[in-house]
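J.: Below are the structure tokens for one structure; questions will follow.
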Amino acid sequence: MEDAKQSLNNLFKILTRNKAGFIGLIIFTVFLIIAIFASFIAPYDPMAMNFDDNGAIKRLQPPSSSHLLGTTWMGRDVFSQMIMGSRIAMVVGILSAICVVFIGTNIGLIAGYYGGKVDNVIMRLVDIIYGIPFLPFALILVAVLGPGIKNIILAIVLITWRNSSRVIRSQVLTLKNRTFIEAARLTGASDFRILYKHIAPNVLPLSLVYVALSMASAIMTEASLSFLGFGDPTLSSWGKILYSCYSSQAMFKAWWWMLPPGIAITLLVLSGFLMSKAFEEVANPKLRER
Amino acid sequence: MDMYNDLLLNIENLDVCYKISDGIVKAVKDVSFYLRKGEVLGLVGESGCGKTTLIKAILKLLPSNGYIANGEIYFKDREITKMDNEQLRRIRWNEISMITQSAMNALDPVYKVGDQIVEAILTHKAVSKKEAYSRAMELFNLVGLEKGRLNDFPHQFSGGMKQRAIIAMALALNPEIIIADEPTTALDVVVQAQILERINTLLAGYDGSMIMVTHDISVIAQTCHRIVVMYGGRVMEFGNAIEVLKEPNHPYSMGLKNAFPSITGEKRNLISIPGTPPNLLKPPKGCRFNERCPFALEKCFHEEPMLQGTKGGYVACHRFYEAEDLRAEAGKEETWMKIRKRRVMV
Amino acid sequence: MVTRFKKCFSFLLIFLLIFNLAACSSTKNTVKEENQKEVKEEAFTEKTKVPEINLWITSQTYDPVRYEAGLMIANSWKKLGFKVNTTALEWATMSSEGMKAHKHDAFMIQWGGKAERIDPFHWLYSLHHSSEAVEGGYNIAGYENPEYDKLAEEFASNMDWEVRKQKAYKMQEILAQDVPQPPLVHRKLTMAYNKENFENAIMAMGEGLYSFWNWVNITPKVDRKIIRFGTVSDLKLLNPLTTKTGQDIYMLRLIYDPLIRIDRDGKPIPWAAQSYRTVDDKIIEVVLRDGMKFHDGKAVTVDDVKFTFDFAREVKSPYYLSKLKKLDKVEKVDDKTIRFVLKEPFAPFISNGLALVGILPKHIWEKEYKERGAEGILSWENLPAIGSGPYKYEYWRPNEEFKLSSFDEHFNAPKVKGILRIPYAQTYGVVQGLKSGEIDVAGLNLLPLQIEELKDSSFLAFDEIDDQGYYMLHYNMRKAPFNDVNVRRALTYAIPKDQIIELVFGGRAVPAYSTVAAVNKFWHNENVEKLGNDIEKAREILKEAGFRWDKEGKIYFPKDYKVKGYYSDN
Amino acid sequence: MRSMKYILKRILQMILTLFILVTILFFLFRVVPGDPVSMYIDSGLDKESQELLLKQYGLDKPLLEQYIIYIKSMLRGDFGNSFQYGKPAITVIGERFWNTLVLMITSLAISLCIGVFGGALLAWKRGTKIDTVGTILVLAVRCAPVFWTGMLFLSIFAFKLKLLPLGGMNTPGTNFVSLYDKFFSADFLKHLILPALTASLYSAATPLLVMRSSMLEVVKEDFIELVRAKGVKEKKILYKHAMRNALLPVITVFAVQAGFAIGGSVLIETVFRWPGMGREIVLAVSARDYPLAQTAFFLIGTMTALFNLIADVLYAYLDPRVVIN
């Protein structure tokens with residue numbers, strides 16, 4: 001527990017000390033807060049159609065004081081959709097990042113530590129998964145599993161664990177012959193203990209790089225799938241807002257409908273990127289000067 | 001300085017600084033010396049004393065955070081520090097070439113060695129590629145490499161071979177000055193000897209001047225006419241090589257001499273100088289050698305010593321006038337042990 | 001500072017995850033379940049609870065109309081106390097699970113109003129006869145009403161149109177009361193063409209400018225006599241034996257002539273036939289038109305006609321077979337005359353069989369059949385497609401252009417010199433093409449936003465016609481509560497048709513009450529019960545039938561509940 | 001000889017990967033809910049015809065038998081007939097394949113240029129405003145969803161300024177004599193600009209950032225100092241030595257990026273209505289046209305694998321230190 005606290009503490013030191021990382025953390029935190037309080041911030045139900053005093057639907061209204069980011073073709077409040085969309089982005093981003101890295105790190109640890117046949121089999125598997133075109137495959141997986149946020153996360157996780165596992169593995173390979181590991185082995189520590197007590201903490205910064213990167217890529221993937229029409233139809237994710245805008249032929253008319261989701265996705269993905277850069281400098285100190 | 005017609009390189013009061021995140025490092029401070037035509041000048045000092053910075057400053061090859069803060073460098077009558085890039089570029093290699101410190105990484109790994117020599121030639125001479133290539137072959141012959149190896153890539157060369165290739169390259173344009181920056185440090189002992197021998201033989205047939213940077217005083221003895229002893233970014237002593245080695249006037253020179261086997265062959269214990277070079281970010285007050293000097297006086301900790309003329313050059317020591325006595329003292333191991341004790345006490 | 005930040009952060013993180021998971025997954029509310037225990041004494045038991053309704057909607061991507069309308073319907077039903085779950089499915093999934101396997105509770109599809117459906121056999125018989133209520137059959141709702149079945153059979157087999165019309169009227173009345181699967185709305189088809197370049201465009205029932213009659217009537221006003229026709233997607237295949245999509249069929253019927261064509265009012269008229277007559281209930285005799293030629297110059301003979309019908313059945317062409325189910329055999333009477341013998345009397349055979357089967361040139365298909373075999377002939381590209389229709393195939397560059405030119409030797413040669421069909425792949429491309437004059441006709445039902453976009457282009461003419469196809473909400477009568485006519489009626493009454501039209505269609509639609517569209521004047525029965533737009537009436541129906549609501553307004557079955565399947569049971 | 005052996009080994013590995021991919025796909029597609037027939041019920045396929053069609057598609061046989069048939073015919077180069085188009089899937093895809101390839105190659109070439117030269121420039125101007133602004137800009141483009149960037153470009157350049165077409169591959173109604181004619185006409189190039197630009201901006205970012213840091217590493221190397229001491233002109237040092245050496249890690253990254261870009265072409269092709277393979281995959285999956293989707297997938301997988309192979313070989317070629325074994 002102490003260890004975990006310590007490492008979490010370190011995590012914040014890393015992020016707050018590095019300029020890029022700090023900016024990333026700020027953006028992320030802002031979105032996080034928005035996501036948490038989304039239902040309090042959003043002035044309207046994102047799926048509710050809005051009507052004016054005469055009972056006519058408010059179609060494609062430009063931003064105004066009552067609709068900060070205007071309305072959609074179906075008279076829905078873009079601002080509220082954006083706010084609620086942040087929640088979906090966060091859930092997709094955080095959950096898939098944690099899953100991806102959890103799986104990737106463990107597989108990398110096992111492959112790197114045990115070596116031999118285990119390693120060979122796992123790495124061939126990774127090679128094969130690397131040969132799979134990501135987006136089309138995710139698309140098919142979602143088609144198989146059915147549209148829905150859980151399935152999108154599952155599809156992302158099933159494919160992207162490959163990235164972290166390969167890097168973690170090579171890190172483990174260099175670590176496992178270090179003297180402190182040898183020493184631990186001589187004292188009779190079990191494999192499990194060596195792996196998780198001695199090696200794992202050393203690959204943690206590298207794992208964090210992938211947490212941040214996976215978060216970014218998961219958010220991007222969700223948006224892309226939604227845009228291709230394979231998103232969760234019942235949720236107003238940012239990707240889906242863009243799709244609605246695109247498919248309702250309003251993209252040239254309603255900038256207030258098209259710009260915000262794109263900007264939000266860009267910022268959130270950027271924050272993941274920046275945080276990953278900060279972690280990368282810890283994982284690979286050679287980079288620090290740049 | 002005009003009075004010396006044969007003066008090739010003259011450095012006056014040179015300061016070189018590095019800007020780093022913690023402040024400004026004065027890596028070279030107030031350095032002056034000169035190099036005559038046909039002369040070999042030895043530049044000695046411990047690692048980190050500013051030798052490499054100094055010679056990089058001569059060709060203005062300092063890294064982007066380094067700059068010449070003060071002083072002049074005259075090459076013949078031209079002021080190098082005031083030259084623009086194009087003028088500098090013409091001087092580089094054509095008139096002043098270099099044998100770099102680590103031959104291991106000094107060759108571009110993606111080009112053939114021969115092509116890299118040809119590149120040097122073609123950069124400065126309007127000759128055909130073929131002519132340049134035959135010159136390269138000639139040079140390889142000269143440094144004792146098979147000419148067929150011109151077509152090899154650097155990674156196919158051993159360390160010694162790379163160093164030879166660089167020597168060949170340095171000679172390619174018959175420059176007036178060759179700067180050899182510790183040409184042997186990265187090599188194993190046997191190869192070191194070979195390379196040094198090679199350099200010596202080459203020098204016999206070469207009428208230009210040379211600056212030999214080394215921390216190995218024995219190398220100086222074999223090859224150099226003059227010597228510059230540097231410590232902590234400053235020149236401690238400058239003078240005729242034989243004289244300085246025989247009768248050093250600066251306690252640091254004495255210490256250096258102790259640290260290497262005698263050149264005259266007499267048997268004695270090797271004594272090293274205790275302590276480490278000063279932090280140049282915050283250089284000590286007074287003489288930079290004061291902390292490690294067994295003869296340091298109160299004065300040495302406050303006042304920077306003036307340059308004082310010696311037979312063939314100058315020395316920067318407050319106790320220069322006592323040099324003869326100090327030399328005798330410096331030969332004893334206890335003398336140096338004293339500072340170790342002193343340092344411990346502090 | 002850092003630690004505090006960290007603590008806040010981890011708190012936020014955990015909070016968010018819990019919060020969002022709760023928000024994202026539709027977990028049951030435990031509080032409500034407790035409440036239900038309280039009212040148990042009043043016999044609001046789990047057993048008498050009306051099962052939750054799973055309403056399948058398409059994703060917004062596939063069809064925003066069905067998506068939005070679905071949500072509105074669900075909302076309205078919830079007000080009646082039903083528990084409604086809206087699940088969005090991909091069309092492929094919905095069609096196989098719903099349309100084919102009939103595993104749905106309720107879902108909506110849009111039935112196309114093709115010309116062959118002007119004879120309401122499809123609407124009245126296929127969609128509602130009990131024989132179709134099996135897997136893969138059209139009777140998606142599982143409507144099995146013996147009284148109705150009898151009417152439907154008479155409607156199908158009687159060759160007298162007036163008798164058929166009477167039956168059709170009665171059937172529409174029954175359906176409107178029983179509401180196994182209520183029609184919701186008809187779109188107002190709005191299509192545009194360049195009126196400065198072309199005139200005499202015809203918007204025909206069900207198909208708009210896609211109509212065959214448009215292509216043979218539209219007349220150029222300028223020198224450029226080739227009409228450029230912009231559409232959203234490219235053709236898929238031109239083999240008439242294997243074609244499945246409407247777009248292909250629209251083009252194929254310009255190339256291939258059937259014996260009969262359906263005119264703009266839905267009446268079959270002789271086309272490649274000189275004349276036809278019903279010899280008796282099971283025999284139709286057709287006299288072939290004189291002097292017809294295929295595009296390669298060979299004459300169209302009775303042998304070609306006989307070959308077409310025999311061959312299509314021999315190689316088991318899915319498309320042709322579905323039209324020729326009732327055909328027993330084809331007999332050549334003489335060089336001009338041919339007889340179609342049916343297995344049983346089947347009135348729509350003329351309009352839905354003879355009218356849809358294009359005559360294939362025997363000399364070409366026989367040869368190809370020999371080379372390729374039954375399986376090979378079905379995957380044959382059939383290029384160039386040679387028929388005897390008013391247009392002949394010129395070239396087809398997939399995803400770029402498809403060109404037909406007029407066949408001047410045809411007895412009803414078109415007024416234009418040719419059709420250039422340009423697939424744009426996306427609707428805004430078509431709209432922009434129309435606006436810039438790049439195309440003359442848009443094969444696209446224009447949406448309000450698009451009409452607005454085009455309204456300043458004075459060279460465009462907009463034609464409008466109500467669609468005879470409609471959006472239909474398919475209940476599943478195999479499942480409770482849809483097996484109860486009162487529930488179906490109430491649910492149907494609760495559908496806010498007018499609001500859907502206003503909000504989802506921007507006013508460009510009309511409500512549908514009868515299974516046969518109002519625009520189909522001959523067959524449409526005006527006097528059916530009009531269900532919809534009345535949630536109070538819906539509540540009343542349920543109340544009368546004994547349905548109960550608990551404190552929270554959730555609906556329960558009546559005490560001593562007996563299912564009433566049909567309106568006549570009431 | 002050794003290098004031949006290596007390449008051969010890599011190709012074998014590639015084939016194995018593809019085989020497994022094909023197998024996974026085959027079974028995945030068969031467990032997808034929905035079948036290719038029921039979608040046409042509305043347009044007039046009654047239940048008998050549905051069964052007939054399923055039989056004609058071979059979907060009535062047991063799964064394993066279908067698989068064996070599929071693999072067997074694939075080995076003969078027969079990928080089966082597309083359900084939607086009725087003709088061989090490979091023919092249908094072939095038409096789209098070239099369109100995708102042209103777009104891909106163009107944008108990858110542009111992105112490589114932007115990546116390499118941009119990265120070199122930023123590294124060379126390290127610490128200056130150009131570096132800061134450039135890096136931020138690149139990161140922003142990298143992080144923006146590519147389809148959104150495409151939408152932005154469309155609204156600005158095509159809709160507002162009317163400089164470029166709204167999408168598609170050529171102006172409808174234009175005639176081309178040959179493939180060459182088609183791909184080198186001014187009309188085609190005009191249609192190519194926006195999609196290629198969007199794709200290349202997106203895929204340039206990663207190589208650019210790698211190039212930048214790789215350059216920063218390289219310029220610190222001793223050999224650069226020696227080259228400078230040789231009096232070689234700065235520009236030449238930059239191009240001939242620094243960039244040439246910094247290029248090596250970029251190649252590896254670029255191969256990965258290329259694989260990603262091929263997959264990502266789905267998005268570009270959707271936004272710009274580019275009649276390519278990526279869009280066909282989406283349509284084929286939606287229409288449950290298994291043979292077509294499988295074939296397209298197979299081709300995309302092959303292209304990805306090929307890019308990796310090419311990158312490895314190229315790397316070996318560019319870096320004499322790599323001994324292939």
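Starting from 1 in every chain, residues are counted up; chains themselves are A, B, ... following the order of the structure tokens, and ligands are numbered from 1 as listed.
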As a PyMOL selection string, please: every residue in stretch 22-255 of chain A that DSSP puts in helix (DSSP H, G or I).

T.: chain A and resi 22-36+38-41+78-114+116-130+134-145+149-175+179-186+191-227+238-247+255

J.: Set the distance at 8 Å and use only C-alpha atoms: which residues neighbour stretch 59-74 of chain B once local chain neighbours fewer than 4 positions away are removed? I'd like the list as a list of chain:residue names.

T.: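 So the residues in contact are B:Leu8, B:Leu9, B:Asn10, B:Ile11, B:Glu12, B:Asn13, B:Leu14, B:Asp15, B:Val16, B:Cys17, B:Tyr18, B:Lys19, B:Ile20, B:Asp30, B:Thr53, B:Ile55, B:Arg78, B:Glu79, B:Ile80, B:Thr81, B:Leu88, B:Arg92, B:Ile96, D:Glu225, D:Arg228, D:Ala229.
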
J.: Just the selected residues (C-alpha atoms), exported as a CSV table (one decimal), in the first residue's frame, please.

T.:
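So again18.csv came out as:
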chain,number,residue,atom,x,y,z
B,8,LEU,CA,50.9,30.5,-37.1
B,9,LEU,CA,48.4,30.6,-34.4
B,10,ASN,CA,48.2,33.1,-31.6
B,11,ILE,CA,45.6,32.9,-28.9
B,12,GLU,CA,45.2,35.9,-26.6
B,13,ASN,CA,43.2,36.0,-23.4
B,14,LEU,CA,40.6,33.6,-24.6
B,15,ASP,CA,37.5,33.0,-22.5
B,16,VAL,CA,35.1,30.2,-23.5
B,17,CYS,CA,31.8,29.7,-21.7
B,18,TYR,CA,29.0,27.3,-21.8
B,19,LYS,CA,25.5,28.2,-20.9
B,20,ILE,CA,23.7,25.4,-19.0
B,30,ASP,CA,42.1,33.9,-20.0
B,53,THR,CA,36.9,23.2,-25.3
B,55,ILE,CA,40.7,23.4,-29.4
B,78,ARG,CA,43.4,36.6,-39.5
B,79,GLU,CA,41.1,36.8,-36.5
B,80,ILE,CA,39.2,33.6,-36.3
B,81,THR,CA,36.6,34.8,-33.8
B,88,LEU,CA,35.6,29.7,-41.2
B,92,ARG,CA,38.6,24.2,-41.5
B,96,ILE,CA,43.5,23.4,-39.8
D,225,GLU,CA,31.5,17.5,-35.4
D,228,ARG,CA,31.9,20.2,-39.6
D,229,ALA,CA,35.6,20.4,-38.9

J.: With a distance threshold of 6 Å and counting only C-alpha atoms, extract the residues of chain B near chain D and express them as a PyMOL selection string.

T.: chain B and resi 89+92-93+105-108+110+120

J.: Would you please give, as a ChimeraX atom specification, all residues of stretch 295-480 of chain C that DSSP assigns to strand (DSSP E or B) based on the backbone?

T.: /C:299,327-332,337-342,358,391-397,401-406,418-423,441-442,460-466,470-475

J.: Neighbouring residues of stretch 530-538 of chain C were defined as those with any atom within 7 Å, considering only C-alpha atoms; residues of the same chain fewer than 4 positions away were excluded. Please report them as a JSON list (two decimals) with C-alpha atoms, in the first residue's frame.

T.:
[["chain", "number", "residue", "atom", "x", "y", "z"],
["C", 490, "ALA", "CA", -53.53, 1.31, -27.20],
["C", 491, "LEU", "CA", -49.93, 1.35, -28.22],
["C", 492, "THR", "CA", -50.87, 2.37, -31.68],
["C", 493, "TYR", "CA", -53.11, 5.12, -30.46],
["C", 494, "ALA", "CA", -50.22, 6.38, -28.38],
["C", 495, "ILE", "CA", -47.97, 6.80, -31.39],
["C", 496, "PRO", "CA", -47.58, 10.54, -31.97],
["C", 497, "LYS", "CA", -47.74, 10.31, -35.76],
["C", 498, "ASP", "CA", -48.32, 13.99, -36.33],
["C", 513, "TYR", "CA", -53.70, 4.67, -41.26],
["C", 542, "LEU", "CA", -56.44, -0.22, -21.59]]

J.: Residues of chain C were defined as contacting chain D if any atom lay at most 7 Å from it, counting only C-alpha atoms; please report them as a list in words.

T.: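 Close enough to count are Ala92, Thr93, Ser95, Ser96, Glu97, Met99, Lys100, Trp111, Gly136, Gly137, Lys236, Leu237, Lys244, Thr245, Gly246, Pro318, Tyr319, Leu321, Ser322, Ser379, Trp380, Glu381, Asn399, Glu400, Glu401, Ile422, Ala425 and Gln426 of chain C.
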
J.: Please check the contacts: residues of chain A at most 7 Å away from chain C, using only C-alpha atoms, listed as a ChimeraX atom specification.

T.: /A:9,12-13,36,87,91,229,233,249

J.: Can I get the selected residues back with N, CA and C atoms, as a PDB file, in the first residue's frame?

T.:
ATOM      1  N   ASN A   9       2.447   9.016  -5.853  1.00  0.00           N
ATOM      2  CA  ASN A   9       3.071  10.291  -5.551  1.00  0.00           C
ATOM      3  C   ASN A   9       4.085  10.664  -6.623  1.00  0.00           C
ATOM      4  N   PHE A  12       2.674  11.929  -9.791  1.00  0.00           N
ATOM      5  CA  PHE A  12       2.303  13.339  -9.837  1.00  0.00           C
ATOM      6  C   PHE A  12       3.501  14.245  -9.932  1.00  0.00           C
ATOM      7  N   LYS A  13       4.574  13.801  -9.274  1.00  0.00           N
ATOM      8  CA  LYS A  13       5.794  14.591  -9.389  1.00  0.00           C
ATOM      9  C   LYS A  13       6.232  14.656 -10.837  1.00  0.00           C
ATOM     10  N   ILE A  36     -17.279  14.395 -14.543  1.00  0.00           N
ATOM     11  CA  ILE A  36     -17.880  14.000 -13.270  1.00  0.00           C
ATOM     12  C   ILE A  36     -19.145  14.801 -12.989  1.00  0.00           C
ATOM     13  N   ARG A  87     -18.114  12.463 -20.711  1.00  0.00           N
ATOM     14  CA  ARG A  87     -18.214  11.323 -19.819  1.00  0.00           C
ATOM     15  C   ARG A  87     -17.905  10.027 -20.567  1.00  0.00           C
ATOM     16  N   VAL A  91     -14.773   7.527 -19.869  1.00  0.00           N
ATOM     17  CA  VAL A  91     -14.947   6.114 -19.527  1.00  0.00           C
ATOM     18  C   VAL A  91     -14.207   5.240 -20.540  1.00  0.00           C
ATOM     19  N   GLY A 229     -20.311   4.915 -37.930  1.00  0.00           N
ATOM     20  CA  GLY A 229     -21.642   4.400 -37.694  1.00  0.00           C
ATOM     21  C   GLY A 229     -21.654   3.138 -36.866  1.00  0.00           C
ATOM     22  N   PRO A 233     -25.331   3.620 -30.280  1.00  0.00           N
ATOM     23  CA  PRO A 233     -26.367   4.511 -30.809  1.00  0.00           C
ATOM     24  C   PRO A 233     -27.129   5.252 -29.727  1.00  0.00           C
ATOM     25  N   GLN A 249     -26.099  16.551 -43.305  1.00  0.00           N
ATOM     26  CA  GLN A 249     -25.795  17.525 -44.348  1.00  0.00           C
ATOM     27  C   GLN A 249     -25.600  18.921 -43.794  1.00  0.00           C
TER      28      GLN A 249
END

J.: Which polymer residues have any atom within 8 Å of an atom of stretch 46-61 of chain A, counting only C-alpha atoms, with same-chain residues fewer than 6 positions away left out, as a list of chain:residue names?

T.: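 Non-adjacent residues within range: A:Gly70, A:Thr71, A:Thr72, A:Trp73, A:Met74, A:Gly75, A:Arg76, A:Asp77, A:Val78, A:Ser80, A:Gln81, A:Met84, A:Ser236, A:Ala254, C:Leu503.
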
J.: If you keep N, CA, C and O atoms, can you produce a file of those selected residues as an mmCIF file, in the first residue's frame?

T.:
data_model
loop_
_atom_site.group_PDB
_atom_site.id
_atom_site.type_symbol
_atom_site.label_atom_id
_atom_site.label_comp_id
_atom_site.auth_asym_id
_atom_site.auth_seq_id
_atom_site.Cartn_x
_atom_site.Cartn_y
_atom_site.Cartn_z
ATOM 1 N N GLY A 70 -25.334 26.428 -29.679
ATOM 2 C CA GLY A 70 -26.357 26.267 -30.694
ATOM 3 C C GLY A 70 -27.093 24.940 -30.571
ATOM 4 O O GLY A 70 -26.950 24.216 -29.595
ATOM 5 N N THR A 71 -27.863 24.647 -31.605
ATOM 6 C CA THR A 71 -28.649 23.415 -31.586
ATOM 7 C C THR A 71 -28.404 22.608 -32.841
ATOM 8 O O THR A 71 -27.893 23.110 -33.835
ATOM 9 N N THR A 72 -28.792 21.341 -32.787
ATOM 10 C CA THR A 72 -28.625 20.460 -33.935
ATOM 11 C C THR A 72 -29.868 20.529 -34.805
ATOM 12 O O THR A 72 -30.818 21.254 -34.508
ATOM 13 N N TRP A 73 -29.831 19.726 -35.864
ATOM 14 C CA TRP A 73 -30.961 19.683 -36.777
ATOM 15 C C TRP A 73 -32.225 19.234 -36.060
ATOM 16 O O TRP A 73 -33.324 19.687 -36.348
ATOM 17 N N MET A 74 -32.067 18.333 -35.092
ATOM 18 C CA MET A 74 -33.219 17.866 -34.355
ATOM 19 C C MET A 74 -33.499 18.735 -33.135
ATOM 20 O O MET A 74 -34.230 18.328 -32.227
ATOM 21 N N GLY A 75 -32.895 19.913 -33.096
ATOM 22 C CA GLY A 75 -33.192 20.838 -32.017
ATOM 23 C C GLY A 75 -32.570 20.452 -30.680
ATOM 24 O O GLY A 75 -33.054 20.845 -29.625
ATOM 25 N N ARG A 76 -31.507 19.667 -30.724
ATOM 26 C CA ARG A 76 -30.862 19.267 -29.465
ATOM 27 C C ARG A 76 -29.744 20.252 -29.149
ATOM 28 O O ARG A 76 -29.122 20.825 -30.044
ATOM 29 N N ASP A 77 -29.479 20.375 -27.867
ATOM 30 C CA ASP A 77 -28.499 21.355 -27.412
ATOM 31 C C ASP A 77 -27.093 20.791 -27.561
ATOM 32 O O ASP A 77 -26.738 19.799 -26.919
ATOM 33 N N VAL A 78 -26.288 21.410 -28.424
ATOM 34 C CA VAL A 78 -24.950 20.890 -28.697
ATOM 35 C C VAL A 78 -24.081 20.940 -27.441
ATOM 36 O O VAL A 78 -23.347 20.003 -27.139
ATOM 37 N N SER A 80 -24.906 20.691 -24.294
ATOM 38 C CA SER A 80 -25.208 19.591 -23.386
ATOM 39 C C SER A 80 -24.661 18.272 -23.922
ATOM 40 O O SER A 80 -24.159 17.443 -23.173
ATOM 41 N N GLN A 81 -24.777 18.095 -25.246
ATOM 42 C CA GLN A 81 -24.252 16.871 -25.836
ATOM 43 C C GLN A 81 -22.746 16.777 -25.638
ATOM 44 O O GLN A 81 -22.202 15.713 -25.341
ATOM 45 N N MET A 84 -22.038 15.897 -21.933
ATOM 46 C CA MET A 84 -22.293 14.495 -21.635
ATOM 47 C C MET A 84 -21.325 13.599 -22.409
ATOM 48 O O MET A 84 -20.966 12.522 -21.943
ATOM 49 N N SER A 236 -24.555 9.945 -26.688
ATOM 50 C CA SER A 236 -24.103 11.006 -27.580
ATOM 51 C C SER A 236 -22.615 11.242 -27.341
ATOM 52 O O SER A 236 -22.218 12.137 -26.637
ATOM 53 N N ALA A 254 -23.474 24.490 -40.082
ATOM 54 C CA ALA A 254 -23.493 24.672 -38.633
ATOM 55 C C ALA A 254 -22.114 24.436 -38.036
ATOM 56 O O ALA A 254 -21.802 23.343 -37.575
ATOM 57 N N LEU C 503 -41.607 16.770 -36.461
ATOM 58 C CA LEU C 503 -40.251 16.894 -35.943
ATOM 59 C C LEU C 503 -39.230 16.111 -36.758
ATOM 60 O O LEU C 503 -38.165 16.610 -37.074
#

J.: Excluding A:Thr174 and residues on its chain fewer than 4 positions from it, collect all residues at most 10 Å away from it, counting only C-alpha atoms, and give them as a PyMOL selection string.

T.: chain A and resi 112-113+169-170+178

J.: Can you tell me, as a PyMOL selection string, what residues are no more than 8 Å from stretch 205-215 of chain A when counting only C-alpha atoms, ignoring any on the same chain fewer than 4 positions away?

T.: chain A and resi 92-94+96-98+100-101+105+160+164+168+219+269+272-273+275-280+282-283

J.: Just need the residues of chain D within 9 Å of chain A, counting only C-alpha atoms, so spit them out as number ranges by chain.

T.: D: 14, 16-18, 20-21, 25, 28-33, 126, 139-149, 151-152, 154-156, 159-160, 213, 216-217, 256, 259-260, 262-264, 266-267, 270-271, 278, 281-282, 285-286, 297, 300-302, 304-305, 308

J.: Write out as a PyMOL selection string each polymer residue whose atoms come within 7 Å of B:Ile177, counting only C-alpha atoms; drop sequence neighbours fewer than 5 positions from it.

T.: chain B and resi 95-97+208-210

J.: Okay, now the selection with N, CA, C and O atoms, as a compact mmCIF listing (two decimals), in the first residue's frame?

T.:
# COMPACT_ATOMS: atom_id res chain seq x y z
N GLU B 95 43.15 24.27 -43.80
CA GLU B 95 44.33 24.83 -43.15
C GLU B 95 44.52 24.31 -41.73
O GLU B 95 45.62 24.21 -41.25
N ILE B 96 43.44 24.03 -41.09
CA ILE B 96 43.54 23.43 -39.76
C ILE B 96 42.68 22.17 -39.77
O ILE B 96 41.46 22.25 -39.93
N SER B 97 43.30 21.03 -39.65
CA SER B 97 42.50 19.81 -39.59
C SER B 97 42.62 19.20 -38.21
O SER B 97 43.34 19.71 -37.36
N GLY B 208 53.92 20.91 -41.63
CA GLY B 208 53.00 21.80 -40.92
C GLY B 208 53.20 21.75 -39.42
O GLY B 208 54.12 21.10 -38.91
N SER B 209 52.32 22.45 -38.74
CA SER B 209 52.41 22.47 -37.28
C SER B 209 51.36 21.54 -36.72
O SER B 209 50.45 21.08 -37.43
N MET B 210 51.47 21.32 -35.42
CA MET B 210 50.53 20.39 -34.82
C MET B 210 50.25 20.78 -33.39
O MET B 210 51.14 21.28 -32.69
